[in-house]
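S.K.: Following this line is data14.pdb, made up of PDB, C-alpha atoms and all ligand atoms:
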```pdb
ATOM      1  CA  MET P   1      81.047  75.943  80.623  1.00  0.00           C
ATOM      2  CA  ILE P   2      83.554  77.098  83.219  1.00  0.00           C
ATOM      3  CA  ASP P   3      82.003  74.723  85.723  1.00  0.00           C
ATOM      4  CA  ASN P   4      82.329  71.813  83.312  1.00  0.00           C
ATOM      5  CA  ASN P   5      85.975  72.490  82.620  1.00  0.00           C
ATOM      6  CA  TYR P   6      86.667  72.796  86.291  1.00  0.00           C
ATOM      7  CA  LYS P   7      85.066  69.419  86.911  1.00  0.00           C
ATOM      8  CA  LEU P   8      87.131  67.890  84.105  1.00  0.00           C
ATOM      9  CA  TRP P   9      90.383  69.193  85.548  1.00  0.00           C
ATOM     10  CA  GLU P  10      89.442  68.083  89.011  1.00  0.00           C
ATOM     11  CA  GLU P  11      88.701  64.574  87.732  1.00  0.00           C
ATOM     12  CA  GLN P  12      91.957  64.434  85.815  1.00  0.00           C
ATOM     13  CA  ASP P  13      93.858  65.476  88.933  1.00  0.00           C
ATOM     14  CA  LYS P  14      92.137  62.806  90.972  1.00  0.00           C
ATOM     15  CA  LEU P  15      92.815  60.163  88.322  1.00  0.00           C
ATOM     16  CA  LYS P  16      96.508  61.161  88.213  1.00  0.00           C
ATOM     17  CA  ASN P  17      96.631  60.803  92.006  1.00  0.00           C
ATOM     18  CA  ILE P  18      95.261  57.282  91.843  1.00  0.00           C
ATOM     19  CA  GLU P  19      97.813  56.405  89.147  1.00  0.00           C
ATOM     20  CA  LYS P  20     100.616  57.788  91.317  1.00  0.00           C
ATOM     21  CA  LYS P  21      99.443  55.947  94.414  1.00  0.00           C
ATOM     22  CA  ALA P  22      99.143  52.683  92.473  1.00  0.00           C
ATOM     23  CA  ASN P  23     102.678  53.029  91.113  1.00  0.00           C
ATOM     24  CA  GLN P  24     104.128  53.868  94.515  1.00  0.00           C
ATOM     25  CA  ASN P  25     102.445  50.885  96.144  1.00  0.00           C
ATOM     26  CA  HIS P  26     103.065  48.444  93.277  1.00  0.00           C
ATOM     27  CA  ILE P  27      99.370  47.970  92.684  1.00  0.00           C
ATOM     28  CA  PRO P  28      98.759  47.006  89.045  1.00  0.00           C
ATOM     29  CA  ILE P  29      96.486  49.235  86.972  1.00  0.00           C
ATOM     30  CA  ILE P  30      95.659  49.104  83.275  1.00  0.00           C
ATOM     31  CA  ASP P  31      97.911  50.940  80.796  1.00  0.00           C
ATOM     32  CA  LYS P  32      96.710  53.984  78.923  1.00  0.00           C
ATOM     33  CA  GLU P  33      96.219  51.807  75.822  1.00  0.00           C
ATOM     34  CA  THR P  34      94.063  49.278  77.622  1.00  0.00           C
ATOM     35  CA  ALA P  35      92.121  52.145  79.183  1.00  0.00           C
ATOM     36  CA  ASN P  36      91.458  53.601  75.749  1.00  0.00           C
ATOM     37  CA  ILE P  37      90.306  50.255  74.388  1.00  0.00           C
ATOM     38  CA  LEU P  38      87.913  49.813  77.315  1.00  0.00           C
ATOM     39  CA  LYS P  39      86.668  53.345  76.778  1.00  0.00           C
ATOM     40  CA  THR P  40      86.147  52.836  73.032  1.00  0.00           C
ATOM     41  CA  VAL P  41      84.415  49.480  73.315  1.00  0.00           C
ATOM     42  CA  VAL P  42      82.152  50.626  76.124  1.00  0.00           C
ATOM     43  CA  LEU P  43      81.219  53.795  74.208  1.00  0.00           C
ATOM     44  CA  ILE P  44      80.317  51.783  71.098  1.00  0.00           C
ATOM     45  CA  LYS P  45      78.773  48.767  72.768  1.00  0.00           C
ATOM     46  CA  LYS P  46      76.727  50.601  75.412  1.00  0.00           C
ATOM     47  CA  PRO P  47      76.564  47.474  77.603  1.00  0.00           C
ATOM     48  CA  LYS P  48      73.714  47.205  80.077  1.00  0.00           C
ATOM     49  CA  LEU P  49      75.465  44.786  82.386  1.00  0.00           C
ATOM     50  CA  ILE P  50      79.245  44.800  82.829  1.00  0.00           C
ATOM     51  CA  LEU P  51      81.422  42.363  84.780  1.00  0.00           C
ATOM     52  CA  GLU P  52      84.960  43.134  85.857  1.00  0.00           C
ATOM     53  CA  ILE P  53      87.187  40.423  87.334  1.00  0.00           C
ATOM     54  CA  GLY P  54      90.039  41.981  89.345  1.00  0.00           C
ATOM     55  CA  THR P  55      89.065  45.366  90.792  1.00  0.00           C
ATOM     56  CA  ALA P  56      92.260  46.205  92.700  1.00  0.00           C
ATOM     57  CA  ILE P  57      91.771  49.877  93.677  1.00  0.00           C
ATOM     58  CA  GLY P  58      89.105  50.492  91.061  1.00  0.00           C
ATOM     59  CA  TYR P  59      91.155  52.335  88.479  1.00  0.00           C
ATOM     60  CA  SER P  60      89.850  50.352  85.493  1.00  0.00           C
ATOM     61  CA  THR P  61      86.415  50.380  87.145  1.00  0.00           C
ATOM     62  CA  LEU P  62      86.492  54.175  86.916  1.00  0.00           C
ATOM     63  CA  TRP P  63      87.095  54.009  83.169  1.00  0.00           C
ATOM     64  CA  LEU P  64      84.218  51.561  82.762  1.00  0.00           C
ATOM     65  CA  ALA P  65      81.933  53.673  84.934  1.00  0.00           C
ATOM     66  CA  LYS P  66      82.801  56.950  83.262  1.00  0.00           C
ATOM     67  CA  PHE P  67      82.316  55.856  79.660  1.00  0.00           C
ATOM     68  CA  SER P  68      79.395  53.455  79.966  1.00  0.00           C
ATOM     69  CA  PRO P  69      75.871  54.840  79.626  1.00  0.00           C
ATOM     70  CA  GLN P  70      74.041  55.981  82.719  1.00  0.00           C
ATOM     71  CA  PHE P  71      71.832  52.871  82.586  1.00  0.00           C
ATOM     72  CA  SER P  72      74.836  50.519  82.820  1.00  0.00           C
ATOM     73  CA  GLU P  73      75.474  48.439  85.897  1.00  0.00           C
ATOM     74  CA  ILE P  74      78.969  47.261  86.730  1.00  0.00           C
ATOM     75  CA  VAL P  75      79.673  44.214  88.875  1.00  0.00           C
ATOM     76  CA  THR P  76      83.301  44.035  89.942  1.00  0.00           C
ATOM     77  CA  ILE P  77      84.994  41.163  91.816  1.00  0.00           C
ATOM     78  CA  GLU P  78      88.086  41.392  94.034  1.00  0.00           C
ATOM     79  CA  ARG P  79      89.510  38.824  96.468  1.00  0.00           C
ATOM     80  CA  ASN P  80      91.689  41.274  98.422  1.00  0.00           C
ATOM     81  CA  GLU P  81      89.538  43.073 100.967  1.00  0.00           C
ATOM     82  CA  ASP P  82      91.909  45.994 101.587  1.00  0.00           C
ATOM     83  CA  LEU P  83      92.104  46.737  97.883  1.00  0.00           C
ATOM     84  CA  LEU P  84      88.346  46.439  97.508  1.00  0.00           C
ATOM     85  CA  ASN P  85      87.841  48.993 100.290  1.00  0.00           C
ATOM     86  CA  MET P  86      90.175  51.406  98.530  1.00  0.00           C
ATOM     87  CA  ALA P  87      88.252  50.833  95.312  1.00  0.00           C
ATOM     88  CA  LEU P  88      84.979  51.609  97.049  1.00  0.00           C
ATOM     89  CA  LYS P  89      86.446  54.881  98.316  1.00  0.00           C
ATOM     90  CA  ASN P  90      87.744  55.833  94.863  1.00  0.00           C
ATOM     91  CA  ILE P  91      84.450  55.060  93.140  1.00  0.00           C
ATOM     92  CA  LYS P  92      82.564  57.107  95.729  1.00  0.00           C
ATOM     93  CA  ASP P  93      85.005  59.947  95.302  1.00  0.00           C
ATOM     94  CA  PHE P  94      84.080  60.095  91.609  1.00  0.00           C
ATOM     95  CA  GLY P  95      80.374  59.722  92.333  1.00  0.00           C
ATOM     96  CA  TYR P  96      79.826  56.394  90.538  1.00  0.00           C
ATOM     97  CA  GLU P  97      78.780  54.351  93.570  1.00  0.00           C
ATOM     98  CA  ASP P  98      75.230  53.890  92.249  1.00  0.00           C
ATOM     99  CA  LYS P  99      76.540  52.173  89.120  1.00  0.00           C
ATOM    100  CA  VAL P 100      79.034  49.811  90.728  1.00  0.00           C
ATOM    101  CA  ASN P 101      78.284  46.638  92.632  1.00  0.00           C
ATOM    102  CA  PHE P 102      81.329  45.340  94.546  1.00  0.00           C
ATOM    103  CA  LYS P 103      81.764  41.633  95.190  1.00  0.00           C
ATOM    104  CA  PHE P 104      84.371  40.358  97.604  1.00  0.00           C
ATOM    105  CA  GLY P 105      85.807  36.885  96.991  1.00  0.00           C
ATOM    106  CA  GLN P 106      87.287  34.456  94.489  1.00  0.00           C
ATOM    107  CA  ALA P 107      85.799  35.152  91.080  1.00  0.00           C
ATOM    108  CA  GLU P 108      85.635  31.452  90.144  1.00  0.00           C
ATOM    109  CA  GLU P 109      83.423  30.820  93.179  1.00  0.00           C
ATOM    110  CA  ILE P 110      81.175  33.832  92.630  1.00  0.00           C
ATOM    111  CA  ILE P 111      80.574  33.636  88.857  1.00  0.00           C
ATOM    112  CA  PRO P 112      78.481  30.413  88.875  1.00  0.00           C
ATOM    113  CA  TYR P 113      75.862  32.196  91.006  1.00  0.00           C
ATOM    114  CA  PHE P 114      75.171  34.955  88.473  1.00  0.00           C
ATOM    115  CA  ARG P 115      71.771  34.597  86.830  1.00  0.00           C
ATOM    116  CA  ARG P 116      71.856  37.486  84.405  1.00  0.00           C
ATOM    117  CA  ARG P 117      73.877  37.635  81.213  1.00  0.00           C
ATOM    118  CA  PHE P 118      76.682  40.139  80.807  1.00  0.00           C
ATOM    119  CA  ASP P 119      77.083  42.316  77.733  1.00  0.00           C
ATOM    120  CA  PHE P 120      80.682  43.154  78.500  1.00  0.00           C
ATOM    121  CA  VAL P 121      83.298  41.418  80.652  1.00  0.00           C
ATOM    122  CA  PHE P 122      86.766  42.650  81.518  1.00  0.00           C
ATOM    123  CA  ILE P 123      89.170  40.024  82.883  1.00  0.00           C
ATOM    124  CA  ASP P 124      92.256  41.385  84.651  1.00  0.00           C
ATOM    125  CA  ALA P 125      92.862  38.885  87.472  1.00  0.00           C
ATOM    126  CA  ALA P 126      95.480  36.201  88.269  1.00  0.00           C
ATOM    127  CA  LYS P 127      97.228  35.599  84.960  1.00  0.00           C
ATOM    128  CA  GLY P 128      97.459  31.816  85.392  1.00  0.00           C
ATOM    129  CA  GLN P 129      93.674  31.502  85.708  1.00  0.00           C
ATOM    130  CA  TYR P 130      92.373  33.117  82.546  1.00  0.00           C
ATOM    131  CA  LEU P 131      91.304  29.865  80.897  1.00  0.00           C
ATOM    132  CA  ASN P 132      89.459  28.787  83.998  1.00  0.00           C
ATOM    133  CA  LEU P 133      87.799  32.195  84.405  1.00  0.00           C
ATOM    134  CA  PHE P 134      86.870  32.482  80.726  1.00  0.00           C
ATOM    135  CA  LYS P 135      85.239  29.032  80.775  1.00  0.00           C
ATOM    136  CA  LYS P 136      83.247  29.983  83.860  1.00  0.00           C
ATOM    137  CA  VAL P 137      82.083  33.264  82.395  1.00  0.00           C
ATOM    138  CA  GLN P 138      81.444  32.345  78.762  1.00  0.00           C
ATOM    139  CA  GLU P 139      78.029  30.824  79.438  1.00  0.00           C
ATOM    140  CA  LYS P 140      76.940  34.054  81.091  1.00  0.00           C
ATOM    141  CA  ILE P 141      77.526  36.263  78.050  1.00  0.00           C
ATOM    142  CA  SER P 142      74.731  37.712  75.944  1.00  0.00           C
ATOM    143  CA  ASP P 143      74.728  37.282  72.144  1.00  0.00           C
ATOM    144  CA  ASN P 144      77.286  39.668  70.691  1.00  0.00           C
ATOM    145  CA  GLY P 145      78.581  40.208  74.215  1.00  0.00           C
ATOM    146  CA  ILE P 146      82.253  41.052  74.541  1.00  0.00           C
ATOM    147  CA  ILE P 147      85.029  39.691  76.748  1.00  0.00           C
ATOM    148  CA  ILE P 148      88.275  41.642  76.964  1.00  0.00           C
ATOM    149  CA  CYS P 149      91.313  40.192  78.736  1.00  0.00           C
ATOM    150  CA  ASP P 150      94.315  42.257  79.789  1.00  0.00           C
ATOM    151  CA  ASN P 151      97.966  41.119  79.860  1.00  0.00           C
ATOM    152  CA  VAL P 152      97.581  38.105  77.576  1.00  0.00           C
ATOM    153  CA  PHE P 153     101.294  38.386  76.637  1.00  0.00           C
ATOM    154  CA  TYR P 154     102.167  38.321  80.346  1.00  0.00           C
ATOM    155  CA  LYS P 155     105.034  40.837  80.403  1.00  0.00           C
ATOM    156  CA  GLY P 156     105.882  39.756  76.870  1.00  0.00           C
ATOM    157  CA  LEU P 157     106.961  36.301  78.122  1.00  0.00           C
ATOM    158  CA  VAL P 158     104.193  34.452  76.272  1.00  0.00           C
ATOM    159  CA  ARG P 159     105.877  35.271  72.964  1.00  0.00           C
ATOM    160  CA  LYS P 160     109.466  34.596  74.076  1.00  0.00           C
ATOM    161  CA  ASN P 161     111.382  31.403  74.710  1.00  0.00           C
ATOM    162  CA  ASN P 162     113.269  32.392  77.853  1.00  0.00           C
ATOM    163  CA  LYS P 163     114.203  29.962  80.597  1.00  0.00           C
ATOM    164  CA  LEU P 164     111.807  30.759  83.401  1.00  0.00           C
ATOM    165  CA  ALA P 165     111.423  30.014  87.078  1.00  0.00           C
ATOM    166  CA  HIS P 166     108.832  27.318  87.695  1.00  0.00           C
ATOM    167  CA  LYS P 167     106.051  29.569  88.985  1.00  0.00           C
ATOM    168  CA  ILE P 168     106.355  32.027  86.112  1.00  0.00           C
ATOM    169  CA  ARG P 169     106.657  29.193  83.610  1.00  0.00           C
ATOM    170  CA  THR P 170     103.347  27.767  84.809  1.00  0.00           C
ATOM    171  CA  ILE P 171     101.646  31.111  84.248  1.00  0.00           C
ATOM    172  CA  VAL P 172     103.167  31.424  80.759  1.00  0.00           C
ATOM    173  CA  VAL P 173     102.127  27.870  79.825  1.00  0.00           C
ATOM    174  CA  ASN P 174      98.608  28.513  81.119  1.00  0.00           C
ATOM    175  CA  MET P 175      98.360  31.756  79.179  1.00  0.00           C
ATOM    176  CA  ARG P 176      99.474  30.006  75.968  1.00  0.00           C
ATOM    177  CA  ASP P 177      96.832  27.328  76.557  1.00  0.00           C
ATOM    178  CA  PHE P 178      94.293  30.089  77.016  1.00  0.00           C
ATOM    179  CA  LEU P 179      95.250  31.785  73.732  1.00  0.00           C
ATOM    180  CA  HIS P 180      94.971  28.439  71.894  1.00  0.00           C
ATOM    181  CA  TYR P 181      91.594  27.892  73.453  1.00  0.00           C
ATOM    182  CA  LEU P 182      90.412  31.293  72.212  1.00  0.00           C
ATOM    183  CA  GLU P 183      91.714  30.546  68.740  1.00  0.00           C
ATOM    184  CA  GLU P 184      89.732  27.323  68.560  1.00  0.00           C
ATOM    185  CA  ASN P 185      86.606  28.552  70.297  1.00  0.00           C
ATOM    186  CA  ASP P 186      83.908  28.860  67.622  1.00  0.00           C
ATOM    187  CA  ASP P 187      81.415  30.408  70.014  1.00  0.00           C
ATOM    188  CA  PHE P 188      83.512  33.555  70.033  1.00  0.00           C
ATOM    189  CA  HIS P 189      85.309  35.633  67.466  1.00  0.00           C
ATOM    190  CA  THR P 190      88.616  36.723  68.998  1.00  0.00           C
ATOM    191  CA  GLU P 191      91.241  39.264  68.050  1.00  0.00           C
ATOM    192  CA  ILE P 192      94.520  39.501  69.951  1.00  0.00           C
ATOM    193  CA  ILE P 193      95.645  43.108  69.962  1.00  0.00           C
ATOM    194  CA  ASP P 194      99.358  43.815  70.159  1.00  0.00           C
ATOM    195  CA  LEU P 195      99.046  46.815  72.466  1.00  0.00           C
ATOM    196  CA  ALA P 196     100.116  47.323  76.061  1.00  0.00           C
ATOM    197  CA  ASP P 197     100.832  43.815  77.442  1.00  0.00           C
ATOM    198  CA  GLY P 198      98.561  42.118  74.911  1.00  0.00           C
ATOM    199  CA  ILE P 199      94.787  42.442  74.942  1.00  0.00           C
ATOM    200  CA  SER P 200      92.285  39.855  73.719  1.00  0.00           C
ATOM    201  CA  VAL P 201      88.909  41.003  72.450  1.00  0.00           C
ATOM    202  CA  SER P 202      86.315  38.230  72.046  1.00  0.00           C
ATOM    203  CA  ARG P 203      82.777  38.681  70.784  1.00  0.00           C
ATOM    204  CA  ARG P 204      80.203  36.026  71.400  1.00  0.00           C
ATOM    205  CA  ARG P 205      78.622  34.888  68.162  1.00  0.00           C
ATOM    206  CA  ASN P 206      74.838  34.784  68.090  1.00  0.00           C
ATOM    207  CA  LYS P 207      73.060  31.600  67.041  1.00  0.00           C
ATOM    208  CA  ASP P 208      72.085  32.732  63.507  1.00  0.00           C
ATOM    209  CA  GLU P 209      75.599  33.767  62.818  1.00  0.00           C
ATOM    210  CA  LYS P 210      77.008  30.425  63.864  1.00  0.00           C
ATOM    211  CA  SER P 211      74.903  28.508  61.361  1.00  0.00           C
ATOM    212  CA  ARG P 212      76.092  30.826  58.620  1.00  0.00           C
ATOM    213  CA  THR P 213      79.832  30.509  59.195  1.00  0.00           C
ATOM    214  CA  PHE P 214      82.188  28.803  56.713  1.00  0.00           C
ATOM    215  CA  GLY P 215      85.098  26.495  57.391  1.00  0.00           C
ATOM    216  CA  THR P 216      86.867  27.226  60.627  1.00  0.00           C
ATOM    217  CA  GLY P 217      84.356  29.908  61.416  1.00  0.00           C
ATOM    218  CA  ARG P 218      86.919  32.703  61.496  1.00  0.00           C
TER     219      ARG P 218
HETATM  220  N1  LIG P 301      91.736  45.957  86.920  1.00  0.00           N
HETATM  221  C1  LIG P 301      92.551  46.670  87.883  1.00  0.00           C
HETATM  222  C2  LIG P 301      93.823  45.926  88.219  1.00  0.00           C
HETATM  223  C3  LIG P 301      93.597  44.534  88.717  1.00  0.00           C
HETATM  224  S1  LIG P 301      95.064  43.796  89.339  1.00  0.00           S
HETATM  225  C4  LIG P 301      92.905  48.026  87.294  1.00  0.00           C
HETATM  226  O1  LIG P 301      93.320  48.073  86.147  1.00  0.00           O
HETATM  227  O2  LIG P 301      92.764  49.025  88.001  1.00  0.00           O
HETATM  228  C5  LIG P 301      94.473  42.180  89.574  1.00  0.00           C
HETATM  229  C6  LIG P 301      93.566  42.041  90.811  1.00  0.00           C
HETATM  230  O3  LIG P 301      92.847  40.844  90.660  1.00  0.00           O
HETATM  231  C7  LIG P 301      94.327  41.943  92.119  1.00  0.00           C
HETATM  232  O4  LIG P 301      93.897  42.962  92.981  1.00  0.00           O
HETATM  233  C8  LIG P 301      93.967  40.559  92.671  1.00  0.00           C
HETATM  234  O5  LIG P 301      93.758  40.548  94.069  1.00  0.00           O
HETATM  235  C9  LIG P 301      92.675  40.250  91.937  1.00  0.00           C
HETATM  236  N2  LIG P 301      92.444  38.839  91.666  1.00  0.00           N
HETATM  237  C10 LIG P 301      93.310  37.979  91.084  1.00  0.00           C
HETATM  238  N3  LIG P 301      92.751  36.782  90.921  1.00  0.00           N
HETATM  239  C11 LIG P 301      91.482  36.876  91.388  1.00  0.00           C
HETATM  240  C12 LIG P 301      90.391  35.960  91.494  1.00  0.00           C
HETATM  241  N4  LIG P 301      90.522  34.699  91.092  1.00  0.00           N
HETATM  242  N5  LIG P 301      89.235  36.395  92.036  1.00  0.00           N
HETATM  243  C13 LIG P 301      89.115  37.671  92.460  1.00  0.00           C
HETATM  244  N6  LIG P 301      90.103  38.581  92.392  1.00  0.00           N
HETATM  245  C14 LIG P 301      91.273  38.194  91.859  1.00  0.00           C
HETATM  246 MG    MG P 302      96.303  44.337  83.797  1.00  0.00          MG
END
```
For the file at hand, write its structure as structure tokens.
Ligand code: SAH
Ligand code: MG

M.R.:
Amino acid sequence: MIDNNYKLWEEQDKLKNIEKKANQNHIPIIDKETANILKTVVLIKKPKLILEIGTAIGYSTLWLAKFSPQFSEIVTIERNEDLLNMALKNIKDFGYEDKVNFKFGQAEEIIPYFRRRFDFVFIDAAKGQYLNLFKKVQEKISDNGIIICDNVFYKGLVRKNNKLAHKIRTIVVNMRDFLHYLEENDDFHTEIIDLADGISVSRRRNKDEKSRTFGTGR
């Protein structure tokens, strides 16, 4: 009992340290709310194979690793080598290295090579590329598999009408296109959750279910 509590406190301390380091170095990490959604969905879904796009220093990876069953395998993709090395160190520090498979490179180039289907995907990469990434990954999802995307309101800008610098505007326009695509995509049932910076939760419909849907399929 005492040992368990000690381990819990030690882990919490270590997690706090990673949060602090990320904030100091302007490395993005998921909000508490996103973390709790990942935790909840992974606890309920018990996914065998998990894909994460955008590892950074492995903070969200830790949440996925901690709350997924022991049999789960997590594949996580990051295009920044320095960040990926830090992630590797963090995952080792928590003892989850056997569960996590790190891939270095551009996700859009790596995804087509996957042969297995994922039960759960977490997308938290370049915000202008979500549509592209979702399209690449959607064929690799098992029936009833889930795709969660972080920051779909992109700092709240997706729902505002501000004048924006060109680069930011492009990201906002792309994100709006992505949300429309989700809305019209009958292969998935999607909910947009108004928490943190906007989180989309999409579940892949299975074939039986599709033939039984009415109207727009919502
Ligand atoms: N999920 C992390 C934070 C990720 S920040 C956490 O919550 O802890 C987004 C990361 O995605 C950045 O490190 C960036 O380098 C990476 N990234 C962005 N676009 C990518 C792409 N197309 N392929 C691979 N990595 C990408
Ligand atoms: Mg994010």

S.K.: Give the residues close to ligand MG 302 (chain P), within 6 Å, counting all atoms listed in the file; write them as a ChimeraX atom specification.

M.R.: /P:29-30,124,150-151

S.K.: Extract, using only C-alpha atoms, all DNA, RNA and protein residues at most 10 Å from Gly95 of chain P, discarding same-chain residues fewer than 3 positions from it, and format them as an NGL selection string.

M.R.: :P and (62 or 65-66 or 89-92 or 98-99)

S.K.: Give as number ranges by chain the residues surrounding ligand LIG 301 (chain P) up to a distance of 8 Å, considering all atoms listed in the file.

M.R.: P: 27-31, 52-61, 77-80, 83-84, 104-108, 123-127, 129, 133

S.K.: Would you mind reading off the distance between atom CA of Lys39 of chain P and atom CA of Ser68 of chain P, one decimal, in Å?

M.R.: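 So the answer is 7.9 Å.
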
S.K.: Hey, which of P:Glu11, P:Glu109, P:Asp93, P:Glu73 ends up closest to Val137 of chain P? Count only C-alpha atoms.

M.R.: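 Selected residue with least distance to Val137 of chain P: P:Glu109.
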
S.K.: Using the partial input, fill out segment 117-129 of chain P with N, CA, C and O atoms; write the result as a tab-separated table (two decimals), in the frame of the given file.

M.R.:
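File produced: part-v1.tsv:
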```
chain	number	residue	atom	x	y	z
P	117	ARG	N	72.80	37.71	82.19
P	117	ARG	CA	73.88	37.64	81.21
P	117	ARG	C	74.57	38.98	81.08
P	117	ARG	O	73.94	40.02	81.09
P	118	PHE	N	75.88	38.91	80.92
P	118	PHE	CA	76.68	40.14	80.81
P	118	PHE	C	76.88	40.51	79.34
P	118	PHE	O	77.05	39.66	78.47
P	119	ASP	N	76.87	41.81	79.09
P	119	ASP	CA	77.08	42.32	77.73
P	119	ASP	C	78.56	42.63	77.50
P	119	ASP	O	79.03	42.72	76.37
P	120	PHE	N	79.26	42.82	78.60
P	120	PHE	CA	80.68	43.15	78.50
P	120	PHE	C	81.41	42.65	79.74
P	120	PHE	O	80.95	42.87	80.86
P	121	VAL	N	82.51	41.93	79.52
P	121	VAL	CA	83.30	41.42	80.65
P	121	VAL	C	84.75	41.83	80.48
P	121	VAL	O	85.30	41.72	79.37
P	122	PHE	N	85.34	42.31	81.54
P	122	PHE	CA	86.77	42.65	81.52
P	122	PHE	C	87.49	41.76	82.52
P	122	PHE	O	87.21	41.80	83.72
P	123	ILE	N	88.40	40.93	82.02
P	123	ILE	CA	89.17	40.02	82.88
P	123	ILE	C	90.58	40.57	83.08
P	123	ILE	O	91.32	40.76	82.11
P	124	ASP	N	90.93	40.85	84.32
P	124	ASP	CA	92.26	41.38	84.65
P	124	ASP	C	92.65	40.86	86.03
P	124	ASP	O	92.94	41.61	86.95
P	125	ALA	N	92.62	39.52	86.17
P	125	ALA	CA	92.86	38.88	87.47
P	125	ALA	C	94.15	38.07	87.40
P	125	ALA	O	95.04	38.39	86.61
P	126	ALA	N	94.27	37.03	88.24
P	126	ALA	CA	95.48	36.20	88.27
P	126	ALA	C	95.74	35.64	86.87
P	126	ALA	O	94.86	35.02	86.27
P	127	LYS	N	96.95	35.87	86.37
P	127	LYS	CA	97.23	35.60	84.96
P	127	LYS	C	97.28	34.11	84.63
P	127	LYS	O	97.19	33.73	83.47
P	128	GLY	N	97.45	33.25	85.64
P	128	GLY	CA	97.46	31.82	85.39
P	128	GLY	C	96.06	31.22	85.33
P	128	GLY	O	95.90	30.03	85.04
P	129	GLN	N	95.04	32.04	85.58
P	129	GLN	CA	93.67	31.50	85.71
P	129	GLN	C	92.73	31.94	84.60
P	129	GLN	O	91.52	31.73	84.69
```
